[in-house]
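Containing mmCIF, C-alpha atoms and all ligand atoms: my_file-v6.cif.
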```cif
data_my_file
#
loop_
_atom_site.label_atom_id
_atom_site.label_comp_id
_atom_site.auth_asym_id
_atom_site.auth_seq_id
_atom_site.Cartn_x
_atom_site.Cartn_y
_atom_site.Cartn_z
CA MET A 221 -15.81 -19.27 25.35
CA GLY A 222 -12.10 -19.48 26.01
CA GLN A 223 -10.48 -16.05 25.92
CA THR A 224 -11.85 -12.65 26.80
CA LEU A 225 -10.42 -9.50 25.27
CA ASP A 226 -9.05 -8.44 28.67
CA ASN A 227 -7.16 -11.70 29.07
CA ILE A 228 -5.68 -11.36 25.63
CA ARG A 229 -4.67 -7.77 26.30
CA ARG A 230 -2.87 -8.75 29.52
CA LYS A 231 -1.11 -11.64 27.86
CA GLU A 232 0.05 -9.47 25.02
CA GLU A 233 1.43 -6.83 27.39
CA GLU A 234 3.48 -9.59 28.98
CA LEU A 235 4.73 -11.10 25.74
CA LEU A 236 5.06 -8.56 22.96
CA PHE A 237 6.97 -5.34 22.40
CA LYS A 238 4.55 -2.52 22.83
CA THR A 239 4.82 -1.23 19.28
CA TYR A 240 1.15 -1.38 18.32
CA GLY A 241 -1.88 0.58 19.43
CA ARG A 242 -4.46 -2.16 18.89
CA TYR A 243 -8.10 -1.75 18.06
CA PRO A 244 -10.27 -3.12 20.91
CA LEU A 245 -10.99 -6.22 18.93
CA SER A 246 -9.58 -9.71 18.53
CA ILE A 247 -10.39 -11.21 15.15
CA ALA A 248 -11.08 -14.91 15.18
CA ARG A 249 -11.90 -15.60 11.52
CA GLY A 250 -12.77 -14.07 8.18
CA LEU A 251 -14.53 -14.91 4.94
CA GLY A 252 -14.96 -12.68 1.92
CA ASN A 253 -15.67 -9.15 3.13
CA LYS A 254 -16.65 -10.17 6.65
CA LEU A 255 -14.71 -10.71 9.86
CA TRP A 256 -15.84 -12.24 13.15
CA ASP A 257 -14.50 -11.47 16.62
CA LEU A 258 -14.09 -13.75 19.65
CA ASP A 259 -17.78 -13.55 20.45
CA SER A 260 -18.72 -14.32 16.83
CA ARG A 261 -19.83 -10.75 16.25
CA GLU A 262 -19.80 -9.94 12.56
CA TYR A 263 -17.99 -6.97 11.03
CA THR A 264 -17.85 -5.58 7.52
CA ASP A 265 -14.22 -5.19 6.59
CA LEU A 266 -13.53 -1.83 4.96
CA LEU A 267 -9.80 -2.03 5.60
CA ALA A 268 -8.70 -5.39 4.14
CA GLY A 269 -5.75 -5.78 6.50
CA LEU A 270 -4.47 -2.33 5.46
CA GLY A 271 -5.08 -2.70 1.76
CA VAL A 272 -3.68 -6.22 1.59
CA VAL A 273 -6.54 -8.70 1.31
CA ASN A 274 -7.86 -7.19 -1.92
CA LEU A 275 -9.68 -10.33 -3.05
CA GLY A 276 -11.35 -10.87 0.31
CA HIS A 277 -10.56 -13.17 3.22
CA CYS A 278 -9.88 -16.89 2.92
CA ARG A 279 -10.78 -17.05 -0.73
CA PRO A 280 -11.29 -20.74 -1.61
CA GLU A 281 -9.25 -20.71 -4.88
CA LEU A 282 -6.30 -19.22 -3.01
CA ALA A 283 -6.66 -21.68 -0.14
CA GLU A 284 -6.52 -24.49 -2.70
CA VAL A 285 -3.37 -23.14 -4.33
CA MET A 286 -1.76 -22.75 -0.88
CA ALA A 287 -2.63 -26.28 0.12
CA ALA A 288 -1.52 -27.87 -3.14
CA GLN A 289 1.74 -25.91 -3.39
CA SER A 290 2.52 -26.59 0.28
CA ARG A 291 2.66 -30.28 -0.57
CA LYS A 292 4.83 -29.75 -3.65
CA LEU A 293 7.43 -27.12 -2.68
CA VAL A 294 7.36 -24.24 -0.20
CA HIS A 295 10.88 -22.79 -0.12
CA VAL A 296 14.33 -23.57 -1.43
CA SER A 297 15.90 -20.06 -1.46
CA ASN A 298 17.00 -17.99 -4.41
CA LEU A 299 20.01 -20.21 -5.06
CA PHE A 300 17.72 -22.17 -7.36
CA TYR A 301 15.57 -21.54 -10.42
CA GLN A 302 11.87 -21.79 -9.61
CA GLU A 303 9.20 -21.90 -12.27
CA GLU A 304 6.56 -20.47 -9.94
CA GLN A 305 8.63 -17.29 -9.62
CA LEU A 306 8.91 -16.89 -13.37
CA GLU A 307 5.22 -17.38 -13.93
CA LEU A 308 4.54 -14.69 -11.33
CA ALA A 309 7.08 -12.31 -12.88
CA GLN A 310 5.52 -12.80 -16.29
CA ARG A 311 2.01 -12.08 -15.05
CA LEU A 312 3.09 -9.10 -12.99
CA LEU A 313 5.25 -7.47 -15.66
CA LYS A 314 2.43 -7.88 -18.17
CA THR A 315 0.37 -5.39 -16.15
CA THR A 316 3.08 -2.72 -16.67
CA HIS A 317 5.68 -1.33 -19.10
CA PHE A 318 8.52 -2.66 -16.92
CA GLY A 319 11.01 -5.26 -18.09
CA LYS A 320 12.38 -6.81 -14.88
CA ALA A 321 11.21 -7.81 -11.40
CA PHE A 322 12.97 -8.34 -8.08
CA PHE A 323 10.94 -10.01 -5.33
CA CYS A 324 11.22 -9.44 -1.60
CA ASN A 325 8.97 -9.62 1.45
CA SER A 326 7.47 -6.25 2.27
CA GLY A 327 6.86 -2.72 1.10
CA ALA A 328 9.81 -1.30 3.01
CA GLU A 329 12.09 -3.87 1.43
CA ALA A 330 10.73 -3.11 -2.04
CA ASN A 331 11.57 0.56 -1.43
CA GLU A 332 15.00 -0.37 -0.08
CA ALA A 333 15.62 -2.31 -3.27
CA ALA A 334 14.46 0.68 -5.33
CA ILE A 335 16.76 3.05 -3.41
CA LYS A 336 19.72 0.70 -3.79
CA LEU A 337 19.04 0.19 -7.50
CA ALA A 338 18.75 3.94 -8.12
CA ARG A 339 22.08 4.59 -6.43
CA ARG A 340 23.87 1.71 -8.10
CA TYR A 341 22.49 2.56 -11.53
CA GLN A 342 23.75 6.15 -11.23
CA GLN A 343 27.10 5.15 -9.73
CA ARG A 344 27.96 2.08 -11.82
CA VAL A 345 26.05 2.51 -15.08
CA LYS A 346 26.04 6.31 -15.38
CA ASN A 347 29.40 6.70 -13.59
CA LYS A 348 27.99 9.54 -11.56
CA TYR A 349 28.33 9.73 -7.78
CA ALA A 350 24.65 10.47 -7.24
CA TYR A 351 22.95 9.01 -4.19
CA GLU A 352 20.29 11.41 -2.94
CA ILE A 353 16.64 10.36 -2.99
CA ILE A 354 14.06 13.14 -3.00
CA THR A 355 10.69 12.49 -1.34
CA PHE A 356 7.66 14.59 -0.44
CA GLU A 357 6.07 15.92 2.70
CA GLY A 358 3.40 13.60 4.05
CA CYS A 359 4.74 10.52 2.27
CA PHE A 360 5.19 7.09 3.81
CA HIS A 361 7.71 4.58 2.51
CA GLY A 362 8.25 2.14 5.39
CA ARG A 363 9.91 1.54 8.76
CA THR A 364 13.45 0.39 8.01
CA LEU A 365 16.09 3.04 8.67
CA ALA A 366 16.43 4.07 5.03
CA THR A 367 12.70 4.10 4.38
CA VAL A 368 12.02 5.98 7.62
CA ALA A 369 14.55 8.53 6.40
CA ALA A 370 12.68 8.66 3.11
CA THR A 371 9.36 9.00 4.92
CA GLY A 372 8.38 12.60 5.33
CA GLN A 373 6.94 12.45 8.85
CA GLU A 374 9.02 13.25 11.93
CA ARG A 375 6.99 11.09 14.31
CA PHE A 376 8.33 7.95 12.62
CA GLN A 377 11.92 9.13 13.20
CA ASP A 378 11.55 10.01 16.88
CA GLY A 379 14.43 8.61 18.92
CA PHE A 380 16.13 6.94 15.95
CA LEU A 381 18.57 9.67 14.97
CA PRO A 382 20.82 10.01 13.16
CA MET A 383 18.97 9.11 9.99
CA PRO A 384 20.98 7.62 7.12
CA ASP A 385 22.28 10.32 4.79
CA GLY A 386 21.07 11.02 1.33
CA PHE A 387 17.37 11.74 1.72
CA THR A 388 15.76 15.09 1.08
CA ARG A 389 12.15 15.88 1.68
CA ILE A 390 10.44 18.66 -0.21
CA GLU A 391 7.03 20.28 -0.43
CA TRP A 392 4.24 18.25 -2.01
CA GLY A 393 2.59 19.58 -5.13
CA LYS A 394 5.20 22.23 -6.03
CA PRO A 395 7.23 21.48 -9.19
CA GLU A 396 9.43 24.51 -8.51
CA ALA A 397 10.47 22.97 -5.16
CA LEU A 398 11.62 19.88 -7.04
CA GLU A 399 13.48 21.92 -9.68
CA ALA A 400 15.31 23.73 -6.89
CA ALA A 401 16.11 20.58 -4.89
CA ILE A 402 17.66 18.49 -7.67
CA SER A 403 21.45 18.64 -7.86
CA ASP A 404 24.15 16.51 -9.45
CA LYS A 405 24.00 14.36 -6.28
CA THR A 406 20.36 13.43 -6.88
CA ALA A 407 19.85 9.81 -7.91
CA ALA A 408 16.06 9.58 -7.93
CA VAL A 409 12.72 11.01 -6.91
CA LEU A 410 10.29 8.72 -5.08
CA LEU A 411 6.59 9.57 -5.31
CA GLU A 412 3.36 8.08 -4.01
CA ILE A 413 0.69 8.78 -6.63
CA ILE A 414 -1.82 8.75 -3.78
CA GLN A 415 -0.42 9.29 -0.31
CA GLY A 416 -2.04 6.58 1.81
CA GLU A 417 -0.79 6.94 5.36
CA GLY A 418 -0.59 10.68 4.69
CA GLY A 419 -4.39 10.87 4.53
CA ILE A 420 -5.43 9.64 1.04
CA ARG A 421 -4.01 12.59 -0.86
CA PRO A 422 -3.91 12.02 -4.64
CA VAL A 423 -1.37 14.00 -6.67
CA THR A 424 -2.84 16.22 -9.32
CA PRO A 425 -2.25 14.94 -12.87
CA ASP A 426 -0.28 18.12 -13.58
CA PHE A 427 2.03 17.60 -10.64
CA ALA A 428 2.60 13.93 -11.47
CA ARG A 429 3.51 14.82 -15.05
CA SER A 430 5.74 17.70 -13.93
CA VAL A 431 7.68 15.40 -11.62
CA ALA A 432 8.15 12.85 -14.40
CA GLY A 433 9.19 15.59 -16.84
CA ILE A 434 11.67 17.23 -14.48
CA CYS A 435 13.24 13.85 -13.70
CA ARG A 436 13.62 13.08 -17.40
CA ASP A 437 15.15 16.49 -18.18
CA LYS A 438 17.64 16.29 -15.32
CA GLY A 439 18.71 12.67 -15.73
CA VAL A 440 17.23 11.67 -12.39
CA LEU A 441 15.29 8.42 -11.99
CA PHE A 442 11.55 8.65 -11.46
CA MET A 443 10.32 6.06 -8.94
CA VAL A 444 6.79 5.44 -7.72
CA ASP A 445 5.75 3.74 -4.49
CA GLU A 446 2.69 1.67 -5.37
CA VAL A 447 2.80 -0.41 -2.19
CA GLN A 448 -0.64 0.79 -1.08
CA CYS A 449 -2.23 2.29 -4.20
CA GLY A 450 -1.23 -0.52 -6.58
CA MET A 451 -2.78 -3.88 -7.48
CA GLY A 452 -6.04 -2.54 -8.87
CA ARG A 453 -7.06 -0.53 -5.85
CA THR A 454 -7.42 2.81 -7.64
CA GLY A 455 -9.19 1.43 -10.69
CA LYS A 456 -6.12 0.56 -12.76
CA TYR A 457 -3.51 -2.06 -11.96
CA TRP A 458 -1.14 0.73 -10.91
CA ALA A 459 -2.06 4.27 -9.93
CA PHE A 460 0.60 5.86 -12.18
CA GLN A 461 -1.26 4.39 -15.18
CA HIS A 462 -4.03 6.96 -14.71
CA TYR A 463 -1.62 9.62 -15.94
CA ASP A 464 0.26 7.95 -18.82
CA LEU A 465 3.48 8.01 -16.85
CA ARG A 466 6.44 5.71 -17.45
CA PRO A 467 8.38 5.58 -14.20
CA ASP A 468 11.82 3.94 -14.22
CA ILE A 469 11.23 1.97 -11.02
CA MET A 470 8.18 0.94 -9.01
CA SER A 471 7.73 -0.70 -5.63
CA ALA A 472 4.75 -2.89 -4.77
CA ALA A 473 3.77 -5.11 -1.87
CA LYS A 474 0.62 -5.03 0.18
CA ALA A 475 -1.93 -6.82 -2.04
CA LEU A 476 0.48 -8.89 -4.13
CA ALA A 477 -0.23 -12.20 -2.41
CA ASN A 478 -3.59 -11.32 -0.80
CA GLY A 479 -2.27 -11.54 2.76
CA LEU A 480 0.96 -13.48 2.48
CA PRO A 481 4.07 -11.33 2.79
CA MET A 482 5.46 -10.34 -0.57
CA GLY A 483 7.11 -7.27 -2.02
CA ALA A 484 8.35 -6.52 -5.51
CA MET A 485 10.46 -3.93 -7.24
CA LEU A 486 9.90 -3.56 -10.96
CA GLY A 487 12.20 -1.62 -13.26
CA THR A 488 12.82 -0.91 -16.91
CA ASP A 489 15.45 -2.97 -18.72
CA GLU A 490 17.59 0.18 -18.82
CA VAL A 491 17.78 0.64 -15.02
CA ALA A 492 17.93 -3.11 -14.42
CA ALA A 493 21.54 -2.89 -15.61
CA GLY A 494 22.23 -1.27 -12.23
CA PHE A 495 22.14 -4.64 -10.49
CA VAL A 496 24.56 -7.48 -11.27
CA THR A 497 24.96 -10.88 -9.67
CA GLY A 498 25.44 -10.35 -5.94
CA SER A 499 24.22 -6.73 -5.85
CA HIS A 500 21.12 -7.51 -3.85
CA ALA A 501 19.37 -10.56 -2.40
CA THR A 502 16.84 -11.94 0.03
CA THR A 503 16.40 -15.39 1.54
CA PHE A 504 12.64 -15.61 1.38
CA GLY A 505 11.78 -13.50 -1.67
CA ALA A 506 9.14 -15.12 -3.86
CA GLY A 507 9.47 -18.68 -2.66
CA ALA A 508 7.40 -21.22 -4.55
CA LEU A 509 4.38 -21.06 -2.24
CA LEU A 510 4.21 -17.26 -2.19
CA SER A 511 4.72 -17.08 -5.94
CA ALA A 512 2.02 -19.62 -6.69
CA VAL A 513 -0.46 -17.67 -4.57
CA ALA A 514 0.49 -14.29 -6.05
CA SER A 515 0.16 -15.72 -9.59
CA LYS A 516 -3.31 -16.92 -8.74
CA VAL A 517 -4.17 -13.48 -7.35
CA LEU A 518 -3.19 -11.88 -10.66
CA GLU A 519 -5.06 -14.53 -12.63
CA ILE A 520 -8.24 -13.83 -10.66
CA MET A 521 -7.78 -10.07 -11.02
CA GLU A 522 -7.54 -10.39 -14.76
CA LYS A 523 -10.37 -12.90 -15.14
CA GLU A 524 -12.75 -10.84 -13.01
CA ASN A 525 -11.57 -7.49 -14.29
CA ILE A 526 -11.01 -6.34 -10.71
CA PRO A 527 -9.42 -2.94 -11.44
CA ALA A 528 -12.47 -1.88 -13.50
CA ARG A 529 -14.74 -3.05 -10.69
CA ALA A 530 -12.77 -0.94 -8.21
CA ALA A 531 -13.03 2.10 -10.49
CA GLU A 532 -16.77 1.83 -10.90
CA LEU A 533 -17.64 0.95 -7.32
CA GLY A 534 -15.22 3.53 -5.94
CA ALA A 535 -16.68 6.34 -8.05
CA TRP A 536 -20.16 5.39 -6.87
CA ALA A 537 -19.05 5.18 -3.22
CA MET A 538 -17.36 8.57 -3.25
CA GLU A 539 -20.52 10.20 -4.63
CA ARG A 540 -22.55 8.37 -2.00
CA PHE A 541 -20.28 9.57 0.82
CA ARG A 542 -20.47 13.13 -0.53
CA ALA A 543 -24.25 12.85 -0.28
CA VAL A 544 -23.79 11.90 3.38
CA GLY A 545 -21.77 15.08 3.75
CA ASP A 546 -24.57 17.10 2.16
CA ALA A 547 -27.07 15.52 4.54
CA CYS A 548 -24.90 16.38 7.57
CA PRO A 549 -23.71 19.94 7.00
CA GLY A 550 -20.42 20.89 8.64
CA LYS A 551 -19.40 17.31 9.49
CA ILE A 552 -17.42 16.18 6.43
CA ARG A 553 -14.74 18.43 5.01
CA GLU A 554 -13.89 16.40 1.94
CA VAL A 555 -14.31 12.99 0.34
CA ARG A 556 -11.34 12.14 -1.87
CA GLY A 557 -9.49 9.26 -3.40
CA MET A 558 -9.43 7.05 -6.45
CA GLY A 559 -11.21 3.78 -6.97
CA LEU A 560 -11.56 1.97 -3.67
CA MET A 561 -8.87 3.99 -1.93
CA ILE A 562 -11.04 6.54 -0.19
CA GLY A 563 -10.51 9.15 2.49
CA ILE A 564 -13.36 10.87 4.27
CA GLU A 565 -11.89 13.91 5.96
CA LEU A 566 -14.01 14.98 8.89
CA ALA A 567 -14.31 18.58 10.02
CA GLY A 568 -12.83 17.74 13.44
CA PRO A 569 -11.07 14.93 15.33
CA GLY A 570 -12.47 11.59 14.22
CA ARG A 571 -11.71 9.21 17.07
CA GLU A 572 -15.29 9.17 18.39
CA VAL A 573 -16.84 8.67 14.96
CA TRP A 574 -14.38 5.88 14.24
CA GLU A 575 -15.24 4.18 17.57
CA LYS A 576 -18.97 4.36 16.93
CA LEU A 577 -18.55 2.90 13.44
CA LEU A 578 -16.57 0.04 14.92
CA GLN A 579 -19.27 -0.57 17.53
CA LYS A 580 -21.78 -0.71 14.71
CA GLY A 581 -19.76 -3.34 12.90
CA PHE A 582 -17.56 -1.46 10.39
CA ILE A 583 -13.81 -1.88 10.37
CA LEU A 584 -11.87 1.01 8.93
CA ASN A 585 -8.87 3.12 9.83
CA LEU A 586 -8.40 6.63 11.14
CA THR A 587 -5.33 8.40 9.78
CA GLN A 588 -4.00 11.91 10.40
CA GLU A 589 -6.53 12.07 13.30
CA LYS A 590 -9.47 13.11 11.16
CA VAL A 591 -9.39 11.12 7.95
CA LEU A 592 -11.49 7.95 7.84
CA ARG A 593 -9.48 5.73 5.53
CA LEU A 594 -11.31 3.06 3.55
CA LEU A 595 -9.33 0.33 1.81
CA PRO A 596 -12.02 -2.33 1.45
CA PRO A 597 -11.46 -5.61 -0.32
CA LEU A 598 -11.96 -4.91 -4.03
CA SER A 599 -14.58 -7.65 -3.88
CA ILE A 600 -16.71 -5.56 -1.50
CA GLU A 601 -20.43 -5.48 -2.29
CA LYS A 602 -22.24 -2.27 -3.13
CA SER A 603 -24.73 -3.14 -0.39
CA ASP A 604 -21.90 -3.18 2.18
CA LEU A 605 -20.87 0.32 1.12
CA GLU A 606 -24.49 1.49 1.16
CA ASN A 607 -24.93 0.13 4.70
CA PHE A 608 -21.78 1.90 5.73
CA ALA A 609 -22.95 5.21 4.20
CA ARG A 610 -26.26 5.00 6.12
CA THR A 611 -24.49 4.14 9.35
CA LEU A 612 -22.02 6.97 8.87
CA GLN A 613 -24.91 9.36 8.34
CA ASP A 614 -26.58 8.14 11.54
CA VAL A 615 -23.38 8.51 13.51
CA LEU A 616 -22.64 12.00 12.17
CA ALA A 617 -26.23 13.14 12.69
CA GLY A 618 -26.47 11.60 16.17
C1 LIG B 701 2.59 0.14 3.87
C2 LIG B 701 3.45 0.97 3.01
C3 LIG B 701 4.84 0.77 2.94
C4 LIG B 701 5.56 -0.20 3.85
O1 LIG B 701 5.18 -1.51 3.64
P1 LIG B 701 5.57 -2.64 4.70
O2 LIG B 701 5.14 -3.90 4.05
O3 LIG B 701 4.82 -2.32 5.95
O4 LIG B 701 7.03 -2.56 4.90
C5 LIG B 701 5.56 1.52 2.04
N1 LIG B 701 4.97 2.42 1.26
C6 LIG B 701 3.64 2.65 1.30
C7 LIG B 701 3.03 3.65 0.38
C8 LIG B 701 2.83 1.94 2.19
O5 LIG B 701 1.54 2.19 2.25
#
```
How does this structure look as C-alpha cells?
Ligand SMILES: *Cc1c(COP(=O)(O)O)cnc(C)c1O
Amino acid sequence: MGQTLDNIRRKEEELLFKTYGRYPLSIARGLGNKLWDLDSREYTDLLAGLGVVNLGHCRPELAEVMAAQSRKLVHVSNLFYQEEQLELAQRLLKTTHFGKAFFCNSGAEANEAAIKLARRYQQRVKNKYAYEIITFEGCFHGRTLATVAATGQERFQDGFLPMPDGFTRIEWGKPEALEAAISDKTAAVLLEIIQGEGGIRPVTPDFARSVAGICRDKGVLFMVDEVQCGMGRTGKYWAFQHYDLRPDIMSAAKALANGLPMGAMLGTDEVAAGFVTGSHATTFGAGALLSAVASKVLEIMEKENIPARAAELGAWAMERFRAVGDACPGKIREVRGMGLMIGIELAGPGREVWEKLLQKGFILNLTQEKVLRLLPPLSIEKSDLENFARTLQDVLAG
C-alpha cells in the first residue's frame, strides 16, 4: 500500500486551496455503479459524481470512443468547423424543441451564456433595455460571479460583495411574487424545475405553468436550468418536459459527457437571433473528443431507453424509501423527487446518518443539513437500491 488517507490529507492541505470539505475517502477506481477506495473497499455509488456519471463509471463503449478519438483529433478550437460537434448538436437538439446549441465547459458557463443571450436578445433584437434576471429562493446556478448573484443562497456570496447588478431573487412557488417582480427591465426568468442543491425540491406543475404563462404574457424570456435535473435523470430527457413547457432557453451540463467537462445552452431559433458572430465564445467548448463522447452518451441513452428506466426505477425507489419511513416512525420527514433524483428529508440533522451509510459502503450526499440526496447512475441496479433501503432502515432504527 502506498498512500494512507492521512498522508493524502496532509499533502492536499499543503498543495490545494482549501475550498472543499472532502468526504473521508480517497477513490482509487470505479466501474459501473461501484467505486473502490485506497484499501480496495467497495462502495455503491448513489451520487454519480454529483449527477454526472449517469451511465456509470468507466463504461467500455465510452472508453473506446475516447481512445479512438484521442488518436484522431482532440482539440483545434472553435475557429474551425468540426463534424463531431455537429453530430452532437443534432442528437442533443433532437431530444428537445430547441433549434440551436452553444457548447461550453460547465453548468455555470451554460447559465452565463443563457444570461448573456437573454440580455442581448432583449437589447439588440427587441430593442428594449432589459437586463434583469429573476431567480427563486433556494436555487443554485453556479459559482461564477454572475451565477452566484443569480443563486438564491447568501452563503455562496459571503465575502464576494458587491454582486453584479441585475439579479432579483423572489419567493419560490408564488406566481403573484413573480407578477409583482417583473418590470420593463426584466429580461428573463431562470427556473430549476427541481431544485437540486436546494434540497431536491420539485416545482408543482401549476407553478411551472404559471411561470411560463406569466413570462409569455409579459414578453420576458423563460429559461430553465437543467444542469442537474436534465439528461434523463428525472425520467424524461429534460425535467421541463414533464409539464409540456416550451422554455426559450435551457442550460445543461453535468451528465452531458458522462464525466468529461461539458456544458450547453440550447435556445429557440427566435432567441438565437440574440447572438451574432463574436457575441460569445469559448476556447474549449465541445472539442472533437468531448463531442464524440457526448454523442455516444446520447446514442446509448436512446438505445437503452435510459430516461424511461430512470422513471420506473425512481418511482419504485421512492415508494421503497417511504416504506422505510413507515418502518421507522419519526425519522423521515419526506421522500421526494422525480425519477432518480431523490431527496430523503430526515426529521433532524443528518450528518450522523450520512456517516454511517458511508461506513456501510453507500456514497451519497447530504444537502441542506438534513436531506440525503441521491443522484445514482441511471444504470443503477434495483438490488443496489434495495440494499441501500435495508441499510438505511438499520441505521435509522439503530
Ligand atoms: C451544478 C449546478 C450548476 C453549476 O454547474 P458547474 O458545472 O459546477 O458550474 C448550475 N446549476 C445547477 C442546477 C447545478 O446543479
So which residues are near ligand LIG 701 (chain B), meaning at most 10 Å away with only C-alpha atoms and all ligand atoms counted, given back as a PyMOL selection string?
-> chain A and resi 270-272+324-332+359-364+367-368+371+411-418+444-450+471-475+481-483
Set the distance at 12 Å and use all atoms listed in the file: which residues neighbour Ala287 in chain A once local chain neighbours fewer than 5 positions away are removed? I'd like the list as a PDB file with C-alpha atoms, in the frame of the given file.
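Saved file around.pdb follows:
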```
ATOM      1  CA  PRO A 280     -11.290 -20.740  -1.610  1.00  0.00           C
ATOM      2  CA  GLU A 281      -9.250 -20.710  -4.880  1.00  0.00           C
ATOM      3  CA  LEU A 282      -6.300 -19.220  -3.010  1.00  0.00           C
ATOM      4  CA  LYS A 292       4.830 -29.750  -3.650  1.00  0.00           C
ATOM      5  CA  LEU A 293       7.430 -27.120  -2.680  1.00  0.00           C
ATOM      6  CA  VAL A 294       7.360 -24.240  -0.200  1.00  0.00           C
ATOM      7  CA  LEU A 509       4.380 -21.060  -2.240  1.00  0.00           C
ATOM      8  CA  LEU A 510       4.210 -17.260  -2.190  1.00  0.00           C
ATOM      9  CA  ALA A 512       2.020 -19.620  -6.690  1.00  0.00           C
ATOM     10  CA  VAL A 513      -0.460 -17.670  -4.570  1.00  0.00           C
TER      11      VAL A 513
END
```
Find the residues with any atom within 7 Å of (-18.0, 2.3, 5.0); use all atoms listed in the file and the coordinates as given in the file, and write the answer as a PyMOL selection string.
-> chain A and resi 266+582+594+605+608-609
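Taking CA of Ser599 in chain A and CA of Ile247 in chain A as endpoints, the distance between them is 19.8 Å.
Between CA of Asp464 in chain A and CA of Phe442 in chain A lies a distance of 13.5 Å.
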With distances taken over only C-alpha atoms, which of A:Leu612, A:Ala493, A:Leu398, A:Ala459 is nearest to Ser430 in chain A?
-> A:Leu398
Spatial neighbours of Arg249 in chain A, max dist 10 Å, only C-alpha atoms, sep filter under 2 positions, as a ChimeraX atom specification = /A:246-247,251,254-258,260,262,277-278
For Arg339 in chain A, find every residue with an atom within 10 Å (counting all atoms listed in the file), except residues of its own chain fewer than 3 positions away, and show them as an mmCIF file with C-alpha atoms, in the coordinates of the input.
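This went into around30.cif:
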```cif
data_model
loop_
_atom_site.group_PDB
_atom_site.id
_atom_site.type_symbol
_atom_site.label_atom_id
_atom_site.label_comp_id
_atom_site.auth_asym_id
_atom_site.auth_seq_id
_atom_site.Cartn_x
_atom_site.Cartn_y
_atom_site.Cartn_z
ATOM 1 C CA ALA A 333 15.620 -2.310 -3.270
ATOM 2 C CA ALA A 334 14.460 0.680 -5.330
ATOM 3 C CA ILE A 335 16.760 3.050 -3.410
ATOM 4 C CA LYS A 336 19.720 0.700 -3.790
ATOM 5 C CA GLN A 342 23.750 6.150 -11.230
ATOM 6 C CA GLN A 343 27.100 5.150 -9.730
ATOM 7 C CA ARG A 344 27.960 2.080 -11.820
ATOM 8 C CA VAL A 345 26.050 2.510 -15.080
ATOM 9 C CA LYS A 346 26.040 6.310 -15.380
ATOM 10 C CA LYS A 348 27.990 9.540 -11.560
ATOM 11 C CA TYR A 349 28.330 9.730 -7.780
ATOM 12 C CA ALA A 350 24.650 10.470 -7.240
ATOM 13 C CA TYR A 351 22.950 9.010 -4.190
ATOM 14 C CA GLU A 352 20.290 11.410 -2.940
ATOM 15 C CA ILE A 353 16.640 10.360 -2.990
ATOM 16 C CA LYS A 405 24.000 14.360 -6.280
ATOM 17 C CA THR A 406 20.360 13.430 -6.880
ATOM 18 C CA ALA A 407 19.850 9.810 -7.910
ATOM 19 C CA ALA A 408 16.060 9.580 -7.930
ATOM 20 C CA LEU A 441 15.290 8.420 -11.990
ATOM 21 C CA GLY A 494 22.230 -1.270 -12.230
#
```
